file protein-v2.cif (mmCIF, C-alpha atoms)
data_work
#
loop_
_atom_site.label_atom_id
_atom_site.label_comp_id
_atom_site.auth_asym_id
_atom_site.auth_seq_id
_atom_site.Cartn_x
_atom_site.Cartn_y
_atom_site.Cartn_z
CA MET A 1 -18.29 -86.27 83.20
CA ALA A 2 -16.03 -83.29 83.54
CA GLN A 3 -17.54 -80.25 85.17
CA ALA A 4 -18.38 -77.52 82.75
CA ALA A 5 -19.47 -73.91 82.94
CA GLY A 6 -22.50 -73.18 85.09
CA PHE A 7 -25.99 -73.97 83.97
CA GLY A 8 -28.83 -71.56 84.57
CA ALA A 9 -28.20 -69.90 87.90
CA GLY A 10 -24.93 -71.76 88.31
CA ASP A 11 -26.62 -74.70 89.94
CA ASP A 12 -23.98 -77.08 88.74
CA ALA A 13 -24.60 -79.89 91.20
CA GLY A 14 -28.28 -79.98 90.28
CA PHE A 15 -27.62 -80.31 86.58
CA SER A 16 -28.97 -83.49 85.08
CA LEU A 17 -28.03 -84.41 81.56
CA ASP A 18 -31.05 -86.69 81.35
CA ARG A 19 -33.39 -83.85 82.28
CA ALA A 20 -31.66 -81.46 79.88
CA LEU A 21 -32.07 -83.91 77.01
CA MET A 22 -35.76 -84.35 77.82
CA ARG A 23 -36.18 -80.58 77.79
CA VAL A 24 -34.44 -80.45 74.40
CA ALA A 25 -37.15 -82.85 73.22
CA ASP A 26 -39.64 -80.12 74.11
CA GLY A 27 -37.74 -77.61 71.97
CA ASP A 28 -35.98 -75.88 74.89
CA ARG A 29 -33.04 -74.04 73.33
CA ALA A 30 -31.46 -73.01 76.64
CA ALA A 31 -31.35 -76.67 77.64
CA PHE A 32 -29.82 -77.50 74.24
CA ASP A 33 -27.20 -74.80 74.72
CA ALA A 34 -26.30 -76.17 78.17
CA LEU A 35 -26.27 -79.74 76.88
CA TYR A 36 -23.95 -78.78 74.03
CA HIS A 37 -21.51 -76.98 76.27
CA ARG A 38 -21.34 -79.90 78.70
CA THR A 39 -21.04 -82.69 76.20
CA SER A 40 -19.41 -81.33 73.04
CA ALA A 41 -15.81 -81.84 74.22
CA LYS A 42 -16.62 -85.47 74.91
CA LEU A 43 -18.48 -86.04 71.64
CA PHE A 44 -15.86 -84.12 69.63
CA GLY A 45 -13.18 -86.33 71.18
CA VAL A 46 -15.14 -89.43 70.12
CA THR A 47 -15.76 -88.02 66.63
CA LEU A 48 -12.08 -87.16 66.19
CA ARG A 49 -11.09 -90.64 67.31
CA ILE A 50 -13.16 -92.04 64.45
CA LEU A 51 -12.56 -89.25 61.90
CA PRO A 52 -9.07 -87.87 62.53
CA LEU A 53 -9.41 -85.08 59.95
CA ARG A 54 -10.42 -82.09 62.05
CA HIS A 55 -12.56 -80.33 59.49
CA GLU A 56 -14.48 -83.51 58.82
CA ALA A 57 -14.98 -84.19 62.53
CA GLU A 58 -16.22 -80.60 62.99
CA GLU A 59 -18.71 -81.00 60.19
CA VAL A 60 -19.98 -84.31 61.54
CA LEU A 61 -20.21 -82.83 65.04
CA GLN A 62 -22.53 -80.14 63.65
CA ASP A 63 -24.74 -82.79 62.14
CA ILE A 64 -24.62 -84.87 65.34
CA TYR A 65 -26.00 -82.02 67.42
CA LEU A 66 -28.63 -81.16 64.82
CA SER A 67 -29.72 -84.79 65.11
CA VAL A 68 -29.73 -84.45 68.90
CA TRP A 69 -32.06 -81.47 68.52
CA ARG A 70 -34.42 -83.31 66.18
CA ARG A 71 -34.32 -86.74 67.77
CA ALA A 72 -34.17 -85.91 71.48
CA ALA A 73 -37.75 -87.19 71.83
CA THR A 74 -36.51 -90.72 71.13
CA PHE A 75 -34.39 -90.65 74.30
CA ASP A 76 -35.89 -92.86 77.00
CA PRO A 77 -34.12 -92.58 80.39
CA ALA A 78 -35.44 -96.02 81.33
CA ARG A 79 -33.25 -97.54 78.62
CA GLY A 80 -29.95 -95.89 79.45
CA SER A 81 -28.30 -92.61 80.33
CA ALA A 82 -28.36 -89.47 78.20
CA MET A 83 -24.58 -89.76 77.86
CA THR A 84 -24.90 -93.27 76.42
CA TRP A 85 -27.58 -92.02 74.03
CA LEU A 86 -25.36 -89.14 72.91
CA ILE A 87 -22.22 -91.27 72.53
CA THR A 88 -24.14 -93.92 70.57
CA LEU A 89 -25.54 -91.30 68.22
CA ALA A 90 -22.12 -89.66 67.76
CA ARG A 91 -20.34 -92.96 67.21
CA ASN A 92 -22.91 -94.13 64.65
CA ARG A 93 -22.84 -90.84 62.77
CA ALA A 94 -19.06 -90.73 62.62
CA VAL A 95 -18.80 -94.38 61.56
CA ASP A 96 -21.51 -93.83 58.92
CA ARG A 97 -19.44 -90.98 57.52
CA LEU A 98 -16.23 -92.98 57.65
CA ARG A 99 -17.80 -95.84 55.74
CA GLY A 100 -20.15 -93.85 53.55
CA THR A 101 -17.31 -92.02 51.89
CA GLY A 102 -16.08 -95.36 50.65
CA ARG A 103 -13.00 -95.41 52.85
CA ARG A 104 -12.08 -98.82 54.10
CA LEU A 105 -9.69 -99.16 56.93
CA THR A 106 -7.31 -101.93 56.08
CA ASP A 107 -4.49 -101.38 58.56
CA PRO A 108 -3.44 -104.74 59.89
CA ILE A 109 -4.42 -105.46 63.50
CA GLU A 110 -1.66 -107.01 65.55
CA LEU A 111 -3.04 -109.60 67.95
CA ALA A 112 0.17 -110.19 69.90
CA ASP A 113 0.01 -109.17 73.54
CA ALA A 114 3.23 -107.19 73.30
CA VAL A 115 1.77 -104.26 71.38
CA ALA A 116 1.04 -101.39 73.72
CA ASP A 117 -2.44 -99.89 73.63
CA PRO A 118 -3.01 -96.35 74.76
CA ALA A 119 -4.57 -97.52 78.02
CA PRO A 120 -6.93 -95.08 79.70
CA ASP A 121 -5.36 -93.66 82.81
CA ALA A 122 -7.07 -94.04 86.14
CA GLU A 123 -8.07 -90.38 86.30
CA THR A 124 -9.89 -90.49 82.96
CA LEU A 125 -11.74 -93.57 84.08
CA ALA A 126 -12.66 -92.03 87.42
CA ILE A 127 -14.10 -88.99 85.63
CA ALA A 128 -15.99 -91.21 83.23
CA GLY A 129 -17.86 -92.86 86.08
CA ASP A 130 -18.16 -96.26 87.66
CA ASP A 131 -19.57 -98.13 84.69
CA ALA A 132 -16.82 -97.01 82.36
CA GLY A 133 -14.24 -97.62 85.06
CA ARG A 134 -15.46 -101.16 85.46
CA LEU A 135 -15.43 -101.69 81.74
CA GLY A 136 -11.84 -100.47 81.60
CA GLN A 137 -10.82 -102.91 84.31
CA CYS A 138 -12.65 -105.73 82.60
CA LEU A 139 -11.05 -104.93 79.25
CA ASP A 140 -7.67 -104.98 80.96
CA ARG A 141 -8.38 -108.51 82.14
CA LEU A 142 -8.93 -109.64 78.58
CA ASP A 143 -6.11 -110.69 76.34
CA ALA A 144 -4.72 -107.46 74.82
CA GLY A 145 -5.46 -108.67 71.31
CA ASP A 146 -9.10 -109.37 72.25
CA ALA A 147 -9.51 -105.92 73.75
CA ARG A 148 -8.01 -104.42 70.61
CA LEU A 149 -10.49 -106.32 68.41
CA ILE A 150 -13.43 -105.01 70.44
CA ARG A 151 -12.16 -101.43 70.34
CA THR A 152 -11.54 -101.68 66.60
CA ALA A 153 -15.07 -102.93 65.97
CA PHE A 154 -16.47 -99.98 67.88
CA PHE A 155 -14.23 -97.17 66.62
CA ASP A 156 -13.68 -98.30 63.02
CA GLY A 157 -17.12 -99.81 62.53
CA ALA A 158 -15.34 -103.01 61.53
CA SER A 159 -17.47 -106.14 61.15
CA TYR A 160 -16.33 -109.69 61.86
CA ALA A 161 -15.42 -110.12 58.19
CA GLU A 162 -13.19 -107.05 58.17
CA LEU A 163 -11.55 -107.95 61.44
CA ALA A 164 -10.76 -111.36 59.99
CA GLU A 165 -9.20 -109.72 56.96
CA ARG A 166 -7.21 -107.22 58.98
CA THR A 167 -5.86 -109.84 61.35
CA ALA A 168 -5.26 -112.33 58.54
CA ARG A 169 -7.24 -114.96 60.47
CA PRO A 170 -10.09 -117.18 59.28
CA LEU A 171 -13.55 -115.66 59.88
CA GLY A 172 -14.62 -118.54 62.15
CA THR A 173 -11.53 -118.13 64.32
CA ILE A 174 -12.13 -114.40 64.77
CA LYS A 175 -15.83 -114.89 65.49
CA SER A 176 -15.28 -117.47 68.20
CA ARG A 177 -12.41 -115.47 69.66
CA ILE A 178 -14.49 -112.28 69.94
CA ARG A 179 -17.51 -114.18 71.28
CA ARG A 180 -15.34 -115.71 73.97
CA ALA A 181 -14.04 -112.26 74.82
CA LEU A 182 -17.58 -110.86 75.00
CA ILE A 183 -18.62 -113.66 77.35
CA GLY A 184 -15.60 -112.82 79.49
CA LEU A 185 -16.57 -109.17 79.52
CA ARG A 186 -20.15 -109.98 80.44
CA GLU A 187 -19.08 -112.16 83.33
CA CYS A 188 -16.66 -109.53 84.57
CA LEU A 189 -19.27 -106.76 84.31
CA ALA A 190 -22.15 -108.74 85.81
CA MET B 191 -40.47 -120.43 80.51
CA THR B 192 -39.25 -122.59 77.69
CA THR B 193 -36.20 -120.46 77.03
CA THR B 194 -33.06 -122.35 77.89
CA ARG B 195 -30.08 -120.75 79.42
CA SER B 196 -28.07 -121.19 76.26
CA ASP B 197 -30.75 -119.46 74.11
CA HIS B 198 -30.64 -116.61 76.53
CA ASP B 199 -26.85 -116.43 76.32
CA ASP B 200 -26.91 -116.59 72.53
CA ASP B 201 -29.39 -113.73 72.43
CA ASP B 202 -27.24 -111.72 74.77
CA LEU B 203 -24.21 -112.30 72.53
CA LEU B 204 -26.20 -111.30 69.48
CA ALA B 205 -27.24 -108.10 71.28
CA ALA B 206 -23.56 -107.42 72.06
CA GLU B 207 -22.57 -108.04 68.45
CA LEU B 208 -25.26 -105.66 67.24
CA ALA B 209 -24.30 -102.97 69.76
CA LEU B 210 -20.63 -103.16 68.84
CA GLY B 211 -21.25 -103.20 65.08
CA LEU B 212 -19.74 -106.63 64.47
CA LEU B 213 -22.53 -108.05 62.34
CA ASP B 214 -22.61 -107.92 58.58
CA PRO B 215 -25.42 -105.74 57.16
CA ALA B 216 -27.95 -108.57 56.61
CA ASP B 217 -27.54 -110.00 60.12
CA ALA B 218 -27.57 -106.50 61.60
CA ALA B 219 -30.85 -105.73 59.82
CA ARG B 220 -32.44 -108.95 61.12
CA ALA B 221 -31.24 -108.28 64.67
CA THR B 222 -32.41 -104.65 64.50
CA ALA B 223 -35.87 -105.80 63.42
CA ARG B 224 -36.02 -107.99 66.55
CA LEU B 225 -35.49 -104.99 68.84
CA ALA B 226 -39.04 -103.83 68.21
CA SER B 227 -40.72 -107.16 69.00
CA ASP B 228 -38.52 -108.70 71.69
CA PRO B 229 -38.27 -106.61 74.88
CA ASP B 230 -35.69 -108.91 76.50
CA PHE B 231 -33.47 -108.64 73.45
CA ALA B 232 -33.95 -104.85 73.39
CA ARG B 233 -32.98 -104.64 77.08
CA ALA B 234 -29.84 -106.69 76.46
CA HIS B 235 -29.00 -104.42 73.52
CA ASP B 236 -29.47 -101.31 75.69
CA ARG B 237 -27.15 -102.78 78.31
CA TRP B 238 -24.46 -103.49 75.71
CA LEU B 239 -24.83 -100.02 74.25
CA THR B 240 -24.01 -98.68 77.71
CA TYR B 241 -20.94 -100.92 77.90
CA ALA B 242 -19.92 -99.91 74.38
CA ALA B 243 -20.25 -96.22 75.22
CA GLY B 244 -17.87 -96.93 78.10
CA LEU B 245 -15.18 -97.73 75.50
CA THR B 246 -14.95 -93.99 74.92
CA ALA B 247 -13.75 -93.39 78.49
CA SER B 248 -10.18 -93.55 77.22
CA VAL B 249 -10.78 -90.98 74.48
CA PRO B 250 -9.47 -87.54 75.49
CA GLU B 251 -12.01 -84.74 75.54
CA THR B 252 -11.33 -82.03 72.96
CA ALA B 253 -13.22 -78.76 72.92
CA PRO B 254 -14.58 -78.06 69.44
CA PRO B 255 -13.87 -74.60 67.96
CA PRO B 256 -16.58 -71.99 68.64
CA GLN B 257 -17.72 -71.80 65.03
CA VAL B 258 -19.18 -75.30 65.36
CA TRP B 259 -21.68 -74.09 67.94
CA ALA B 260 -22.33 -70.97 65.85
CA ALA B 261 -23.19 -73.11 62.84
CA ILE B 262 -25.42 -75.38 64.91
CA ALA B 263 -27.27 -72.47 66.48
CA ASP B 264 -27.75 -70.94 63.02
CA ALA B 265 -29.23 -74.12 61.64
CA LEU B 266 -31.85 -74.42 64.38
CA PRO B 267 -35.32 -73.23 63.58
CA ALA B 268 -35.87 -69.59 64.49
CA ASN B 269 -37.67 -68.91 67.75
CA ASP B 270 -40.21 -66.59 66.20
CA ASP B 271 -42.51 -67.56 63.42
CA ALA B 272 -41.62 -64.74 61.09
CA PRO B 273 -43.68 -64.77 57.91
CA ALA B 274 -40.47 -64.86 55.88
CA THR B 275 -41.19 -68.31 54.48
CA GLY B 276 -44.38 -67.07 52.86
CA TRP B 277 -42.89 -64.49 50.59
CA LEU B 278 -39.70 -66.44 50.08
CA ALA B 279 -41.76 -69.38 48.93
CA ARG B 280 -43.38 -67.20 46.29
CA ALA B 281 -40.13 -65.57 45.21
CA GLY B 282 -38.94 -66.62 41.79
CA VAL B 283 -35.45 -67.14 40.50
CA TRP B 284 -35.05 -63.47 39.66
CA GLN B 285 -35.70 -62.40 43.22
CA ALA B 286 -33.50 -65.21 44.43
CA ALA B 287 -30.66 -63.83 42.32
CA THR B 288 -31.04 -60.45 44.01
CA LEU B 289 -31.11 -62.28 47.29
CA ALA B 290 -27.90 -64.09 46.42
CA ALA B 291 -26.23 -60.75 45.73
CA SER B 292 -27.44 -59.44 49.10
CA LEU B 293 -26.17 -62.60 50.75
CA ALA B 294 -22.80 -62.04 49.12
CA ALA B 295 -22.71 -58.56 50.61
CA LEU B 296 -23.69 -60.02 53.95
CA VAL B 297 -21.11 -62.75 53.88
CA MET B 298 -18.37 -60.23 53.07
CA GLY B 299 -19.66 -57.88 55.70
CA PHE B 300 -19.57 -60.64 58.22
CA ALA B 301 -16.01 -61.53 57.27
CA VAL B 302 -14.95 -57.93 57.84
CA TRP B 303 -16.71 -57.86 61.18
CA GLN B 304 -15.11 -61.12 62.16
CA ARG B 305 -11.60 -59.94 61.32
CA SER B 306 -12.03 -56.62 63.05
CA ALA B 307 -13.53 -57.76 66.32
CA PRO B 308 -12.30 -57.40 68.94
CA PRO B 309 -11.51 -54.54 69.31
CA PRO B 310 -13.93 -52.70 67.06
CA VAL B 311 -12.07 -50.71 64.44
CA PRO B 312 -13.79 -47.74 62.82
CA ASN B 313 -13.85 -47.41 59.03
CA VAL B 314 -12.86 -50.99 58.41
CA VAL B 315 -11.87 -51.65 54.85
CA ALA B 316 -11.98 -55.18 53.58
CA PRO B 317 -8.54 -56.49 52.69
CA ALA B 318 -8.06 -57.41 49.05
CA ALA B 319 -9.50 -60.89 49.29
CA ALA B 320 -11.00 -63.23 46.74
CA PRO B 321 -14.45 -61.96 45.74
CA PRO B 322 -17.48 -63.82 47.04
CA LEU B 323 -19.12 -66.46 44.90
CA VAL B 324 -22.86 -66.83 44.50
CA ALA B 325 -25.20 -69.42 43.05
CA VAL B 326 -28.92 -69.67 42.48
CA LEU B 327 -30.05 -73.28 42.43
CA SER B 328 -33.24 -74.12 40.62
CA GLY B 329 -34.99 -77.27 39.50
CA THR B 330 -38.07 -79.28 40.27
CA ALA B 331 -39.13 -77.58 43.52
CA GLY B 332 -38.16 -74.35 45.21
CA VAL B 333 -35.09 -72.17 44.96
CA VAL B 334 -31.90 -72.03 47.01
CA SER B 335 -29.48 -69.11 46.91
CA VAL B 336 -25.98 -69.54 48.21
CA ALA B 337 -23.13 -67.12 48.79
CA TYR B 338 -19.60 -68.17 49.70
CA ASP B 339 -16.80 -65.98 50.95
CA PRO B 340 -13.47 -67.69 50.22
CA GLY B 341 -11.73 -65.36 52.70
CA SER B 342 -13.67 -66.42 55.78
CA GLY B 343 -14.87 -69.79 54.51
CA ARG B 344 -18.41 -68.84 55.45
CA LEU B 345 -21.33 -70.03 53.44
CA ALA B 346 -24.70 -68.27 53.58
CA SER B 347 -27.90 -69.75 52.24
CA VAL B 348 -31.57 -68.99 51.78
CA VAL B 349 -34.01 -71.79 51.04
CA SER B 350 -37.44 -71.11 49.65
CA GLY B 351 -40.36 -73.11 48.41
CA ILE B 352 -39.19 -76.58 49.43
CA ALA B 353 -42.09 -78.44 51.02
CA ASP B 354 -41.60 -81.95 52.40
CA PRO B 355 -40.86 -81.01 56.02
CA ALA B 356 -40.01 -84.61 56.87
CA ARG B 357 -36.80 -84.50 54.90
CA ALA B 358 -33.60 -82.50 55.38
CA VAL B 359 -32.29 -80.16 52.68
CA GLU B 360 -28.63 -81.00 51.99
CA LEU B 361 -26.27 -78.94 49.86
CA TRP B 362 -23.53 -80.55 47.78
CA VAL B 363 -20.66 -79.36 45.64
CA ILE B 364 -19.89 -81.53 42.62
CA PRO B 365 -16.33 -80.85 41.46
CA ALA B 366 -14.73 -82.04 38.24
CA ASP B 367 -14.17 -85.56 39.59
CA GLY B 368 -17.96 -85.94 39.77
CA ARG B 369 -17.99 -87.06 43.41
CA PRO B 370 -20.36 -84.91 45.49
CA ARG B 371 -19.03 -83.44 48.73
CA SER B 372 -21.54 -82.43 51.36
CA LEU B 373 -21.71 -78.80 52.38
CA GLY B 374 -24.12 -79.71 55.14
CA LEU B 375 -27.79 -79.23 55.88
CA LEU B 376 -29.55 -75.96 55.11
CA ALA B 377 -31.94 -74.16 57.41
CA ARG B 378 -35.16 -73.91 55.45
CA ASP B 379 -37.13 -71.32 57.38
CA ARG B 380 -34.61 -68.51 57.55
CA PRO B 381 -31.24 -67.49 56.12
CA GLY B 382 -28.47 -69.68 57.53
CA TRP B 383 -24.70 -69.46 57.95
CA ARG B 384 -22.13 -72.12 58.30
CA VAL B 385 -18.42 -72.54 57.82
CA ALA B 386 -17.98 -74.64 54.72
CA PRO B 387 -16.38 -77.96 55.71
CA GLY B 388 -12.73 -78.05 54.61
CA SER B 389 -12.87 -80.94 52.17
CA ALA B 390 -15.82 -79.44 50.33
CA ALA B 391 -14.60 -75.84 50.67
CA GLN B 392 -11.57 -76.64 48.52
CA ALA B 393 -13.94 -77.43 45.66
CA LEU B 394 -15.80 -74.13 45.93
CA ARG B 395 -14.64 -72.06 42.98
CA ALA B 396 -16.27 -70.23 40.09
CA GLY B 397 -17.91 -72.58 37.60
CA VAL B 398 -18.38 -75.56 39.94
CA VAL B 399 -21.84 -77.15 40.19
CA LEU B 400 -23.83 -77.09 43.42
CA ALA B 401 -26.78 -79.38 44.03
CA VAL B 402 -29.49 -79.81 46.64
CA SER B 403 -30.93 -83.19 47.58
CA LEU B 404 -33.66 -84.24 49.99
CA GLU B 405 -32.27 -86.53 52.68
CA PRO B 406 -33.47 -88.29 55.81
CA ALA B 407 -33.61 -86.14 58.94
CA GLY B 408 -30.06 -85.48 60.07
CA GLY B 409 -28.68 -85.64 56.55
CA SER B 410 -27.44 -88.30 54.20
CA PRO B 411 -26.32 -91.32 56.21
CA THR B 412 -23.78 -92.33 53.57
CA GLY B 413 -21.90 -89.12 52.83
CA LEU B 414 -23.28 -89.14 49.28
CA PRO B 415 -26.71 -87.96 48.12
CA THR B 416 -29.26 -90.70 48.80
CA GLY B 417 -32.45 -88.77 48.06
CA PRO B 418 -33.63 -87.03 44.90
CA VAL B 419 -31.48 -84.14 43.63
CA ILE B 420 -34.07 -81.39 43.25
CA LEU B 421 -31.99 -78.31 42.49
CA THR B 422 -28.73 -77.50 40.77
CA GLY B 423 -26.84 -74.33 39.89
CA LYS B 424 -23.37 -73.02 39.09
CA LEU B 425 -21.23 -71.00 41.46
CA GLN B 426 -20.20 -67.67 39.93
CA GLN B 427 -18.33 -64.56 40.97
CA ALA B 428 -20.66 -62.00 42.48
CA GLY B 429 -21.18 -58.80 40.54
#

call {"tool": "encode", "arguments": {"input": "protein-v2.cif", "output": "structure tokens"}}
result
Amino acid sequence: MAQAAGFGAGDDAGFSLDRALMRVADGDRAAFDALYHRTSAKLFGVTLRILPLRHEAEEVLQDIYLSVWRRAATFDPARGSAMTWLITLARNRAVDRLRGTGRRLTDPIELADAVADPAPDAETLAIAGDDAGRLGQCLDRLDAGDARLIRTAFFDGASYAELAERTARPLGTIKSRIRRALIGLRECLA
Amino acid sequence: MTTTRSDHDDDDLLAAELALGLLDPADAARATARLASDPDFARAHDRWLTYAAGLTASVPETAPPPQVWAAIADALPANDDAPATGWLARAGVWQAATLAASLAALVMGFAVWQRSAPPPVPNVVAPAAAPPLVAVLSGTAGVVSVAYDPGSGRLASVVSGIADPARAVELWVIPADGRPRSLGLLARDRPGWRVAPGSAAQALRAGVVLAVSLEPAGGSPTGLPTGPVILTGKLQQAG
């Protein structure tokens, strides 16, 4: 995570997102303020990636953080990091909005290797931490079309059926292709 | 252990498919139900959620504009337990109308303050802008007054007399095409501000219908009202 403005007495190194989120669960507004200012650029980036219209992304970001405030008590650090919890909530909210408004993304997905993906640069991955860095490397090892399918599922909320439609491939073909890719990812990440 | 390696692998794949959103709604519902009763499956799902969140590493960070935080802070419950809810809850539509007029004054006042600061300018006169619009929404339970300043895009609201604390109070504008656009969640225990979201703000003009529905915590998951519409009212020019 990128460093952000100081928290409390400027004890930046001692800041723990997990602890902040648990304090938010207790209704601590200062912790919520600090959490927002450390994570909103990340979550707004994610929201904008899913909902490119700025005003819509801003509105959904408001609702995301109001949900963070109300649902912080459901965060369990034993199950994953606060950042994963926040990103999951943001992604689900943004995808719900995308799909709830009846929009269906139908842009064709090109499976050929030749199409360039905006690959994350090394610096971004280093900032994002080891897990994300490893995921990036593992995605790079996949066939480019497979990596694109996995990203599209996540960012467009596209199910197997929609991916099949958008790639003009039979459902069974797409399913087995993605499952193979997921097995590859799992082996690489293990 | 009777679980075979391939069962285990299949479960892990299913957890991945659920975490990435690949399943169709019926399969996703079945898999979600399993999370509560199958700790191994839940752990696999948690692990894949962490991987999935890692997909966002390539997404550039973008600082949201400051009004987003302002709107969030405004929508949080107040720190003090002011007895405002008590008298607001008893206020009828007539009082709410007065309140809407006061809100309109407030929303204009705020717009002037916002334009003039910084630096502070003495004797600020509001530029000739579109007049504020107000609405008093009434119906089966409670009253909501709303004021909207087209100049600043700010929307002020006061909610009174809506019980059902488990559900969120969501405001909608219903333009001529009949498709509701969300104006967001309303703070129910004190007056709230927010910048009207762009898509919905375009529909805010005199004569348009506003509605309030009760939604799950966090607001309608679909972008359209999913709960009962309990209040409606028309937006009109103030005074």

call {"tool": "atom_distance", "arguments": {"input": "protein-v2.cif", "atom1": "CA of Gly184 in chain A", "atom2": "CA of Gly172 in chain A"}}
result
18.3 Å

call {"tool": "interface_residues", "arguments": {"input": "protein-v2.cif", "of": "chain A", "to": "chain B", "cutoff": "7 Å", "atoms": "all atoms listed in the file", "output": "ChimeraX atom specification"}}
result
/A:40-42,44-46,55-56,58-59,62-63,66-67,79-80,84,87-88,96-97,100-101,119-120,124-125,128,131-132,135,153-154,157-160

call {"tool": "resolve_selection", "arguments": {"input": "protein-v2.cif", "expression": "the PyMOL selection byres ((chain B and resi 363) around 10)", "output": "PyMOL selection string"}}
result
chain B and resi 361-362+364-366+368-373+390-395+398-402+422-425

call {"tool": "atom_distance", "arguments": {"input": "protein-v2.cif", "atom1": "CA of Gly136 in chain A", "atom2": "CA of Phe155 in chain A"}}
result
15.5 Å

call {"tool": "atom_distance", "arguments": {"input": "protein-v2.cif", "atom1": "CA of Arg177 in chain A", "atom2": "CA of Thr106 in chain A"}}
result
19.8 Å

call {"tool": "residues_around", "arguments": {"input": "protein-v2.cif", "residues": "Phe75 in chain A", "least_positions_apart": "2", "cutoff": "10 Å", "atoms": "only C-alpha atoms", "output": "PyMOL selection string"}}
result
chain A and resi 18+21-22+25+68+71-73+77-82+85-86

call {"tool": "residues_around", "arguments": {"input": "protein-v2.cif", "residues": "Trp383 in chain B", "least_positions_apart": "5", "cutoff": "8 Å", "atoms": "all atoms listed in the file", "output": "ChimeraX atom specification"}}
result
/B:261,264-265,344-347

call {"tool": "residues_around", "arguments": {"input": "protein-v2.cif", "residues": "Ala20 in chain A", "least_positions_apart": "2", "cutoff": "12 Å", "atoms": "all atoms listed in the file", "output": "mmCIF file with C-alpha atoms, keeping the file's coordinate frame"}}
result
data_model
loop_
_atom_site.group_PDB
_atom_site.id
_atom_site.type_symbol
_atom_site.label_atom_id
_atom_site.label_comp_id
_atom_site.auth_asym_id
_atom_site.auth_seq_id
_atom_site.Cartn_x
_atom_site.Cartn_y
_atom_site.Cartn_z
ATOM 1 C CA PHE A 7 -25.990 -73.970 83.970
ATOM 2 C CA GLY A 8 -28.830 -71.560 84.570
ATOM 3 C CA GLY A 14 -28.280 -79.980 90.280
ATOM 4 C CA PHE A 15 -27.620 -80.310 86.580
ATOM 5 C CA SER A 16 -28.970 -83.490 85.080
ATOM 6 C CA LEU A 17 -28.030 -84.410 81.560
ATOM 7 C CA ASP A 18 -31.050 -86.690 81.350
ATOM 8 C CA MET A 22 -35.760 -84.350 77.820
ATOM 9 C CA ARG A 23 -36.180 -80.580 77.790
ATOM 10 C CA VAL A 24 -34.440 -80.450 74.400
ATOM 11 C CA ALA A 25 -37.150 -82.850 73.220
ATOM 12 C CA ASP A 26 -39.640 -80.120 74.110
ATOM 13 C CA GLY A 27 -37.740 -77.610 71.970
ATOM 14 C CA ASP A 28 -35.980 -75.880 74.890
ATOM 15 C CA ARG A 29 -33.040 -74.040 73.330
ATOM 16 C CA ALA A 30 -31.460 -73.010 76.640
ATOM 17 C CA ALA A 31 -31.350 -76.670 77.640
ATOM 18 C CA PHE A 32 -29.820 -77.500 74.240
ATOM 19 C CA ASP A 33 -27.200 -74.800 74.720
ATOM 20 C CA ALA A 34 -26.300 -76.170 78.170
ATOM 21 C CA LEU A 35 -26.270 -79.740 76.880
ATOM 22 C CA TYR A 36 -23.950 -78.780 74.030
ATOM 23 C CA HIS A 37 -21.510 -76.980 76.270
ATOM 24 C CA ARG A 38 -21.340 -79.900 78.700
ATOM 25 C CA THR A 39 -21.040 -82.690 76.200
ATOM 26 C CA VAL A 68 -29.730 -84.450 68.900
ATOM 27 C CA TRP A 69 -32.060 -81.470 68.520
ATOM 28 C CA ALA A 72 -34.170 -85.910 71.480
ATOM 29 C CA ALA A 73 -37.750 -87.190 71.830
ATOM 30 C CA PHE A 75 -34.390 -90.650 74.300
ATOM 31 C CA PRO A 77 -34.120 -92.580 80.390
ATOM 32 C CA SER A 81 -28.300 -92.610 80.330
ATOM 33 C CA ALA A 82 -28.360 -89.470 78.200
ATOM 34 C CA MET A 83 -24.580 -89.760 77.860
#

call {"tool": "residues_near_point", "arguments": {"input": "protein-v2.cif", "point": "(-8.0, -102.2, 72.8)", "cutoff": "9 Å", "atoms": "only C-alpha atoms", "output": "MDAnalysis selection string"}}
result
(chainID A and resid 117:119 139:140 144:152) or (chainID B and resid 245)

call {"tool": "residues_around", "arguments": {"input": "protein-v2.cif", "residues": "Arg378 in chain B", "least_positions_apart": "4", "cutoff": "8 Å", "atoms": "all atoms listed in the file", "output": "list of chain:residue names"}}
result
B:Val348, B:Val349, B:Ser350, B:Ile352, B:Val359

call {"tool": "closest_residue", "arguments": {"input": "protein-v2.cif", "among": "B:Glu360, B:Asp217, B:Asp230, B:Asp339", "to": "Leu421 in chain B", "atoms": "only C-alpha atoms"}}
result
B:Glu360

call {"tool": "residues_near_point", "arguments": {"input": "protein-v2.cif", "point": "(-16.8, -67.5, 48.8)", "cutoff": "7 Å", "atoms": "only C-alpha atoms", "output": "JSON, numbers by chain"}}
result
{"B": [321, 322, 323, 337, 338, 339, 340, 341, 343, 344, 345]}
